[in-house]
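Step one of this worksheet: look at the structure below.
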Amino acid sequence: MIELFAATAPTDIANLRRALEQADPAGLSMAAHALKGSCSNFGAASLYGLCIQIEKLALNANLHGAADVITRAGKELDRLLDALHAYRQASLP
């Protein structure tokens, strides 16, 4: 599950950035929703909350401030991936 998340979550962040660049609220909402669902499997409350913020901005078609939230989500994802990698390394025989 960690490997799948590590392989797909960076694409979700890239999709968030692309949707914002294209001023696509629907795409932004879909990408945030996908990342929110997958990060919830790991109890990543901070990243989950940022995804909710992005979804709300997208649903209101208010993209102001979304770039900052996406940047924070990217940093939270990096922290989560580092923690998951460390966990995997510690768990391997």
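Just so we're on the same page: first chain in the structure tokens is A, next is B, and so on; residues restart at 1 for each chain, and ligands are numbered from 1 in the order they show up.
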Closest atom pairs, residues of segment 23-61 of chain A within 9 Å of segment 4-16 of chain A, only C-alpha atoms, as a Markdown table:
| residue | atom | partner | partner_atom | distance |
| --- | --- | --- | --- | --- |
| A:Gly27 | CA | A:Leu16 | CA | 7.5 |
| A:Leu28 | CA | A:Leu16 | CA | 5.4 |
| A:Ser29 | CA | A:Leu16 | CA | 8.3 |
| A:Met30 | CA | A:Leu16 | CA | 8.6 |
| A:Ala31 | CA | A:Leu16 | CA | 5.6 |
| A:Ala32 | CA | A:Leu16 | CA | 6.7 |
| A:Ala34 | CA | A:Asp12 | CA | 7.1 |
| A:Leu35 | CA | A:Asp12 | CA | 5.9 |
| A:Ser38 | CA | A:Phe5 | CA | 6.9 |
| A:Cys39 | CA | A:Phe5 | CA | 7.9 |
| A:Ile54 | CA | A:Leu16 | CA | 8.9 |
Inset, instruction - Fewer than 5 positions away in the same chain doesn't count, so skip those; otherwise give me all residues within 12 Å of Ala26 of chain A, counting only C-alpha atoms, as a PyMOL selection string. - result: chain A and resi 15-16+18-20+31-33+54-63
Take the selection from the previous step and output its residues with all heavy atoms, as a CSV table (one decimal), in the first residue's frame.
chain,number,residue,atom,x,y,z
A,15,ASN,N,-1.2,17.1,-10.5
A,15,ASN,CA,-2.6,17.3,-11.1
A,15,ASN,C,-3.2,18.5,-10.4
A,15,ASN,O,-3.9,19.3,-11.1
A,15,ASN,CB,-3.5,16.1,-10.9
A,15,ASN,CG,-3.1,15.0,-11.8
A,15,ASN,OD1,-2.4,15.1,-12.8
A,15,ASN,ND2,-3.5,13.8,-11.4
A,16,LEU,N,-3.0,18.7,-9.1
A,16,LEU,CA,-3.5,19.9,-8.5
A,16,LEU,C,-2.8,21.2,-9.1
A,16,LEU,O,-3.6,22.2,-9.4
A,16,LEU,CB,-3.1,19.9,-7.0
A,16,LEU,CG,-3.8,19.0,-6.1
A,16,LEU,CD1,-3.2,18.9,-4.7
A,16,LEU,CD2,-5.3,19.4,-6.0
A,18,ARG,N,-1.5,21.5,-12.1
A,18,ARG,CA,-1.9,21.7,-13.5
A,18,ARG,C,-3.3,22.3,-13.5
A,18,ARG,O,-3.6,23.2,-14.3
A,18,ARG,CB,-1.9,20.3,-14.2
A,18,ARG,CG,-2.2,20.4,-15.7
A,18,ARG,CD,-2.1,19.1,-16.4
A,18,ARG,NE,-0.9,18.3,-16.1
A,18,ARG,CZ,-0.8,17.2,-15.3
A,18,ARG,NH1,-1.9,16.7,-14.8
A,18,ARG,NH2,0.3,16.6,-15.0
A,19,ALA,N,-4.2,21.7,-12.7
A,19,ALA,CA,-5.6,22.3,-12.6
A,19,ALA,C,-5.6,23.7,-12.3
A,19,ALA,O,-6.4,24.5,-12.8
A,19,ALA,CB,-6.5,21.4,-11.7
A,20,LEU,N,-4.8,24.1,-11.3
A,20,LEU,CA,-4.7,25.5,-10.9
A,20,LEU,C,-4.2,26.4,-12.1
A,20,LEU,O,-4.8,27.4,-12.4
A,20,LEU,CB,-3.9,25.7,-9.7
A,20,LEU,CG,-3.7,27.1,-9.2
A,20,LEU,CD1,-5.1,27.7,-8.8
A,20,LEU,CD2,-2.8,27.2,-8.0
A,31,ALA,N,-8.6,16.3,-8.2
A,31,ALA,CA,-7.3,15.9,-7.7
A,31,ALA,C,-7.2,16.0,-6.2
A,31,ALA,O,-6.5,15.1,-5.6
A,31,ALA,CB,-6.3,16.8,-8.4
A,32,ALA,N,-7.8,17.0,-5.6
A,32,ALA,CA,-7.7,17.1,-4.1
A,32,ALA,C,-8.5,16.0,-3.5
A,32,ALA,O,-8.0,15.4,-2.5
A,32,ALA,CB,-8.4,18.4,-3.7
A,33,HIS,N,-9.6,15.6,-4.1
A,33,HIS,CA,-10.4,14.5,-3.6
A,33,HIS,C,-9.6,13.2,-3.6
A,33,HIS,O,-9.6,12.4,-2.7
A,33,HIS,CB,-11.7,14.4,-4.3
A,33,HIS,CG,-12.6,13.4,-3.7
A,33,HIS,ND1,-13.4,13.6,-2.6
A,33,HIS,CD2,-12.9,12.1,-4.1
A,33,HIS,CE1,-14.1,12.6,-2.3
A,33,HIS,NE2,-13.9,11.6,-3.2
A,54,ILE,N,-8.5,22.7,-0.3
A,54,ILE,CA,-8.4,22.9,-1.7
A,54,ILE,C,-9.8,22.5,-2.3
A,54,ILE,O,-10.2,23.3,-3.2
A,54,ILE,CB,-7.3,22.0,-2.3
A,54,ILE,CG1,-5.9,22.5,-1.8
A,54,ILE,CG2,-7.3,22.0,-3.8
A,54,ILE,CD1,-4.8,21.5,-2.0
A,55,GLU,N,-10.4,21.5,-1.9
A,55,GLU,CA,-11.7,21.1,-2.4
A,55,GLU,C,-12.7,22.3,-2.2
A,55,GLU,O,-13.5,22.6,-3.1
A,55,GLU,CB,-12.2,19.9,-1.7
A,55,GLU,CG,-11.7,18.6,-2.2
A,55,GLU,CD,-12.4,17.4,-1.6
A,55,GLU,OE1,-12.4,17.3,-0.4
A,55,GLU,OE2,-12.9,16.5,-2.4
A,56,LYS,N,-12.7,22.9,-1.0
A,56,LYS,CA,-13.6,24.0,-0.7
A,56,LYS,C,-13.4,25.1,-1.7
A,56,LYS,O,-14.3,25.8,-2.2
A,56,LYS,CB,-13.5,24.4,0.7
A,56,LYS,CG,-14.2,23.4,1.7
A,56,LYS,CD,-14.0,23.9,3.1
A,56,LYS,CE,-14.7,22.9,4.1
A,56,LYS,NZ,-14.5,23.3,5.5
A,57,LEU,N,-12.1,25.5,-1.9
A,57,LEU,CA,-11.8,26.6,-2.8
A,57,LEU,C,-12.3,26.3,-4.2
A,57,LEU,O,-12.9,27.1,-4.8
A,57,LEU,CB,-10.3,26.8,-2.8
A,57,LEU,CG,-9.7,27.4,-1.5
A,57,LEU,CD1,-8.1,27.4,-1.6
A,57,LEU,CD2,-10.2,28.9,-1.4
A,58,ALA,N,-12.1,25.0,-4.6
A,58,ALA,CA,-12.5,24.6,-5.9
A,58,ALA,C,-14.0,24.6,-6.1
A,58,ALA,O,-14.5,25.1,-7.1
A,58,ALA,CB,-11.9,23.2,-6.3
A,59,LEU,N,-14.7,24.1,-5.1
A,59,LEU,CA,-16.1,24.0,-5.1
A,59,LEU,C,-16.8,25.4,-5.2
A,59,LEU,O,-17.8,25.6,-5.8
A,59,LEU,CB,-16.7,23.2,-4.0
A,59,LEU,CG,-16.4,21.7,-4.0
A,59,LEU,CD1,-16.8,21.0,-2.8
A,59,LEU,CD2,-17.0,21.1,-5.3
A,60,ASN,N,-16.1,26.4,-4.6
A,60,ASN,CA,-16.6,27.8,-4.6
A,60,ASN,C,-16.0,28.5,-5.8
A,60,ASN,O,-16.3,29.7,-5.9
A,60,ASN,CB,-16.2,28.5,-3.3
A,60,ASN,CG,-17.0,27.9,-2.1
A,60,ASN,OD1,-18.1,27.6,-2.2
A,60,ASN,ND2,-16.3,27.8,-1.0
A,61,ALA,N,-15.3,27.8,-6.7
A,61,ALA,CA,-14.6,28.5,-7.8
A,61,ALA,C,-13.8,29.7,-7.4
A,61,ALA,O,-13.6,30.6,-8.1
A,61,ALA,CB,-15.6,28.8,-8.9
A,62,ASN,N,-13.2,29.6,-6.2
A,62,ASN,CA,-12.3,30.6,-5.6
A,62,ASN,C,-10.9,30.1,-5.6
A,62,ASN,O,-10.5,29.4,-4.7
A,62,ASN,CB,-12.8,31.0,-4.2
A,62,ASN,CG,-11.9,32.0,-3.6
A,62,ASN,OD1,-11.0,32.6,-4.3
A,62,ASN,ND2,-12.1,32.3,-2.3
A,63,LEU,N,-10.2,30.4,-6.6
A,63,LEU,CA,-8.8,29.8,-6.7
A,63,LEU,C,-7.8,30.7,-6.1
A,63,LEU,O,-6.6,30.3,-6.0
A,63,LEU,CB,-8.5,29.6,-8.2
A,63,LEU,CG,-9.4,28.6,-8.9
A,63,LEU,CD1,-9.0,28.4,-10.4
A,63,LEU,CD2,-9.7,27.3,-8.2
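The gap separating atom CA of Phe42 of chain A from atom CA of Arg79 of chain A is 12.3 Å, in Å to one decimal.
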Legend entry - Which of chain A fall in alpha helix (DSSP H), as JSON, numbers by chain: {"A": [2, 3, 4, 5, 6, 7, 8, 9, 10, 11, 12, 13, 14, 15, 16, 17, 18, 19, 20, 21, 25, 26, 27, 28, 29, 30, 31, 32, 33, 34, 35, 36, 37, 38, 39, 40, 45, 46, 47, 48, 49, 50, 51, 52, 53, 54, 55, 56, 57, 58, 59, 66, 67, 68, 69, 70, 71, 72, 73, 74, 75, 76, 77, 78, 79, 80, 81, 82, 83, 84, 85, 86, 87, 88, 89, 90, 91]}
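In this model, the gap between atom CA of Ile52 of chain A and atom CA of Val69 of chain A comes to 10.1 Å.
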Legend entry - Pairwise distance for atom CA of Asp68 of chain A and atom CA of Asn41 of chain A, rounded to one decimal in Å: 24.2 Å
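With only C-alpha atoms as the atoms that count, the minimum distance from Arg17 of chain A to the choices A:Ala67, A:Ser46, A:Gln89, A:Lys75 is reached by A:Ala67.
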